[in-house]
There are 2 protein chains.
Amino acid sequence: MHLYAGLLHYPVYNKHYDTIASAITTLDLHDLSRLAKTYGLRRLYVVTPLEDQQRLARRILAHWTTGYGAQYNRDRKEALAVTTISPSLDAAREEIADQEGEIPLLIATDAGRQAGQAISYREAGDLIVSARTVFLLFGTAWGLDRAVMEQADYILDPITGRTPYNHLSVRTAAAIVIDRLVGRRDVQI
Amino acid sequence: MHLYAGLLHYPVYNKHYDTIASAITTLDLHDLSRLAKTYGLRRLYVVTPLEDQQRLARRILAHWTTGYGAQYNRDRKEALAVTTISPSLDAAREEIADQEGEIPLLIATDAGRQAGQAISYREAGDLIVSARTVFLLFGTAWGLDRAVMEQADYILDPITGRTPYNHLSVRTAAAIVIDRLVGRRDVQI
């Protein structure tokens with residue numbers, strides 16, 4: 001499996017649908033790192049162009065991977081070692097391409113249906129287990145900017161629970177998406 | 001669907017497997033309320049015997065359901081309205097029994113395999129969509145105390161990702177569990 005995830009803090013929407021760079025939420029780093037580690041992702045990219053936010057995120061990662069946190073909680077160390085800070089989607093994508101020797105497919109996620117090439121969980125899961133390099137993109141704040149959708153090869157079907165209410169956190173949405181894509185692949189998908 | 005969830009802060013384990021009452025994490029209330037609302041759960045019980053923690057949690061709920069937060073973010077108001085604070089598992093269970101006119105089945109969750117009557121996602125999902133009242137229990141900190149497992153009618157199979165690493169946050173674990181149980185029930189499960 002050559003699966004990568006990106007947690008984008010830019011470009012994303014705020015509640016008024018302006019394009020912004022959102023602030024990093026510490027707990028996102030922990031939850032998504034643990035998720036990535038549990039499901040065998042190759043790397044989690046935390047993307048932000050803001051240098052102070054990059055520094056903050058790197059300090060958190062260092063605390064848990066080489067600092068006091070690494071002794072305090074070895075499980076957390078193992079999880080956060082899977083995570084890298086990157087200044088842009090392009091930079092992260094290039095790093096993956098260098099690593100894998102192929103350009104990753106970009107699959108964007110969104111809570112609503114967006115213009116673009118839709119892909120189901122089954123189809124996307126098939127691509128991933130076929131060993132294609134895939135970069136799965138999650139947006140913070142009110143979701144990924146249209147510019148990311150336009151760059152993406154595919155847009156994954158929205159989650160849709162059992163009600164019209166459709167406002168999950170990026171932490172819980174990412175967990176559901178990754179479990180649907182590869183979680184019970186041996187059993188059924 | 002007569003599905004309820006409980007987020008237990010007591011009795012749970014700390015990292016040394018002592019039984020403790022854990023502190024409430026604000027983000028848990030938000031993430032799990034939004035999840036409960038998205039998947040059509042009847043109610044989320046946040047269980048803690050600590051009175052200062054109950055007050056804290058009630059203040060957070062009030063802020064988002066009747067205070068400034070309710071105007072600021074109506075979606076959040078709708079989600080947090082699904083959530084109640086309860087002093088104990090027994091109190092929450094009695095409240096559900098009064099509400100539904102039947103004792104709820106207790107299904108406990110755990111990251112590892114525990115002694116008790118195991119149940120698969122498919123079987124548990126069948127119970128839930130058969131309209132049986134079910135109370136699904138999640139533990140904070142290092143997980144539910146054995147005493148809760150012994151009270152439970154069933155213990156849901158652990159999640160297991162794709163690696164031996166098995167340390168999800170309760171937020172992401174609850175999301176995966178609820179999606180597996182009822183999320184794509186119409187499509188496949």
# chains A, B, ... in the order shown; residues from 1 in each chain; ligands from 1
$ closest_atom_pairs --of "chain A" --to "chain B" --cutoff "8 Å" --atoms "only C-alpha atoms" --output "CSV"
residue,atom,partner,partner_atom,distance
A:Asp31,CA,B:Ser169,CA,6.0
A:Arg34,CA,B:Leu168,CA,5.6
A:Leu35,CA,B:Leu168,CA,6.1
A:Lys37,CA,B:Tyr165,CA,6.6
A:Thr38,CA,B:Tyr165,CA,5.1
A:Tyr39,CA,B:Arg162,CA,4.7
A:Gly40,CA,B:Arg162,CA,5.8
A:Asp75,CA,B:His167,CA,7.4
A:Thr160,CA,B:Thr38,CA,7.7
A:Gly161,CA,B:Tyr39,CA,4.8
A:Arg162,CA,B:Tyr39,CA,4.7
A:Thr163,CA,B:Thr38,CA,5.6
A:Pro164,CA,B:Thr38,CA,7.3
A:Tyr165,CA,B:Thr38,CA,5.1
A:Asn166,CA,B:Thr38,CA,5.7
A:His167,CA,B:Arg34,CA,6.3
A:Leu168,CA,B:Arg34,CA,5.6
A:Ser169,CA,B:Asp31,CA,6.0
A:Arg171,CA,B:Thr172,CA,6.4
A:Thr172,CA,B:Thr172,CA,5.0
A:Ala173,CA,B:Ala175,CA,7.6
A:Ala175,CA,B:Thr172,CA,5.4
A:Ile176,CA,B:Ile176,CA,5.2
A:Asp179,CA,B:Ile176,CA,6.6
A:Val182,CA,B:Arg162,CA,7.8
A:Gly183,CA,B:Gly161,CA,5.5
A:Arg184,CA,B:Gly161,CA,7.7
$ select_by_dssp --residues "range 2-185 of chain B" --states "strand (DSSP E)" --output "PyMOL selection string"
chain B and resi 3-8+12-13+19-20+43-47+83-86+105-108+118-119+134-139+154-156
$ write_last_selection --atoms "N, CA and C atoms" --output "compact mmCIF listing (two decimals), in the first residue's frame"
# COMPACT_ATOMS: atom_id res chain seq x y z
N LEU B 3 -30.65 4.09 18.77
CA LEU B 3 -29.25 3.95 19.14
C LEU B 3 -28.80 5.13 20.01
N TYR B 4 -28.17 4.80 21.13
CA TYR B 4 -27.61 5.78 22.05
C TYR B 4 -26.13 5.50 22.19
N ALA B 5 -25.35 6.54 22.44
CA ALA B 5 -23.93 6.33 22.72
C ALA B 5 -23.59 6.94 24.07
N GLY B 6 -22.63 6.32 24.74
CA GLY B 6 -22.13 6.85 26.01
C GLY B 6 -20.62 7.04 25.92
N LEU B 7 -20.17 8.21 26.37
CA LEU B 7 -18.73 8.46 26.45
C LEU B 7 -18.38 8.46 27.93
N LEU B 8 -17.73 7.41 28.37
CA LEU B 8 -17.51 7.22 29.81
C LEU B 8 -16.16 7.78 30.26
N VAL B 12 -12.70 4.14 34.03
CA VAL B 12 -11.78 3.87 32.93
C VAL B 12 -10.37 3.66 33.49
N TYR B 13 -9.49 3.16 32.65
CA TYR B 13 -8.10 2.93 33.08
C TYR B 13 -7.21 4.12 32.72
N THR B 19 -7.84 2.17 37.95
CA THR B 19 -9.18 2.69 37.63
C THR B 19 -9.26 4.16 38.06
N ILE B 20 -9.67 4.99 37.14
CA ILE B 20 -9.73 6.44 37.42
C ILE B 20 -11.01 7.05 36.84
N ARG B 43 -29.27 10.01 21.32
CA ARG B 43 -28.67 10.83 22.36
C ARG B 43 -27.24 10.35 22.61
N LEU B 44 -26.41 11.31 22.99
CA LEU B 44 -25.05 11.00 23.44
C LEU B 44 -24.98 11.34 24.93
N TYR B 45 -24.63 10.36 25.74
CA TYR B 45 -24.44 10.61 27.17
C TYR B 45 -22.96 10.77 27.48
N VAL B 46 -22.63 11.90 28.07
CA VAL B 46 -21.27 12.12 28.55
C VAL B 46 -21.30 11.82 30.04
N VAL B 47 -20.63 10.75 30.43
CA VAL B 47 -20.75 10.23 31.79
C VAL B 47 -19.52 10.57 32.63
N THR B 83 -26.71 16.01 23.15
CA THR B 83 -25.81 15.54 24.20
C THR B 83 -26.30 15.91 25.59
N THR B 84 -26.16 14.95 26.52
CA THR B 84 -26.57 15.12 27.91
C THR B 84 -25.44 14.68 28.83
N ILE B 85 -25.33 15.33 29.96
CA ILE B 85 -24.34 14.94 30.97
C ILE B 85 -25.03 14.01 31.96
N SER B 86 -24.37 12.94 32.34
CA SER B 86 -24.97 12.00 33.28
C SER B 86 -23.92 11.58 34.32
N LEU B 105 -29.90 -2.68 25.36
CA LEU B 105 -28.75 -3.60 25.32
C LEU B 105 -27.49 -2.77 25.46
N LEU B 106 -26.58 -3.24 26.30
CA LEU B 106 -25.29 -2.54 26.45
C LEU B 106 -24.25 -3.22 25.56
N ILE B 107 -23.70 -2.45 24.64
CA ILE B 107 -22.60 -2.96 23.82
C ILE B 107 -21.37 -2.11 24.13
N ALA B 108 -20.35 -2.76 24.71
CA ALA B 108 -19.12 -2.05 25.07
C ALA B 108 -18.11 -2.17 23.94
N ALA B 118 -18.61 -11.70 22.67
CA ALA B 118 -18.19 -10.89 21.51
C ALA B 118 -19.34 -10.72 20.52
N ILE B 119 -19.34 -9.60 19.84
CA ILE B 119 -20.32 -9.39 18.77
C ILE B 119 -19.62 -8.70 17.60
N VAL B 134 -30.30 0.16 21.79
CA VAL B 134 -28.90 -0.21 22.04
C VAL B 134 -28.15 1.00 22.60
N PHE B 135 -27.35 0.74 23.63
CA PHE B 135 -26.52 1.77 24.26
C PHE B 135 -25.06 1.35 24.05
N LEU B 136 -24.38 2.11 23.22
CA LEU B 136 -23.03 1.79 22.77
C LEU B 136 -22.04 2.57 23.62
N LEU B 137 -21.11 1.86 24.27
CA LEU B 137 -20.26 2.50 25.27
C LEU B 137 -18.81 2.65 24.81
N PHE B 138 -18.31 3.87 24.94
CA PHE B 138 -16.92 4.18 24.60
C PHE B 138 -16.19 4.66 25.85
N GLY B 139 -14.96 4.23 26.01
CA GLY B 139 -14.16 4.65 27.16
C GLY B 139 -13.14 5.70 26.76
N TYR B 154 -22.82 -7.30 25.35
CA TYR B 154 -21.89 -7.70 24.29
C TYR B 154 -20.67 -6.80 24.30
N ILE B 155 -19.58 -7.36 23.78
CA ILE B 155 -18.38 -6.56 23.55
C ILE B 155 -18.09 -6.58 22.06
N LEU B 156 -18.10 -5.40 21.47
CA LEU B 156 -17.91 -5.30 20.02
C LEU B 156 -16.48 -5.66 19.66
$ closest_residue --among "B:Pro104, B:Gly116, B:Pro49, B:Gly125" --to "Val148 in chain B" --atoms "only C-alpha atoms"
B:Gly116
$ select_by_dssp --residues "range 1-138 of chain A" --states "helix (DSSP H, G or I)" --output "VMD selection string"
chain A and resid 26 to 38 51 to 65 68 to 72 74 to 80 89 to 100 121 to 129
$ closest_residue --among "B:His2, B:Arg58, B:Arg93, B:His9" --to "Leu144 in chain B" --atoms "only C-alpha atoms"
B:His9
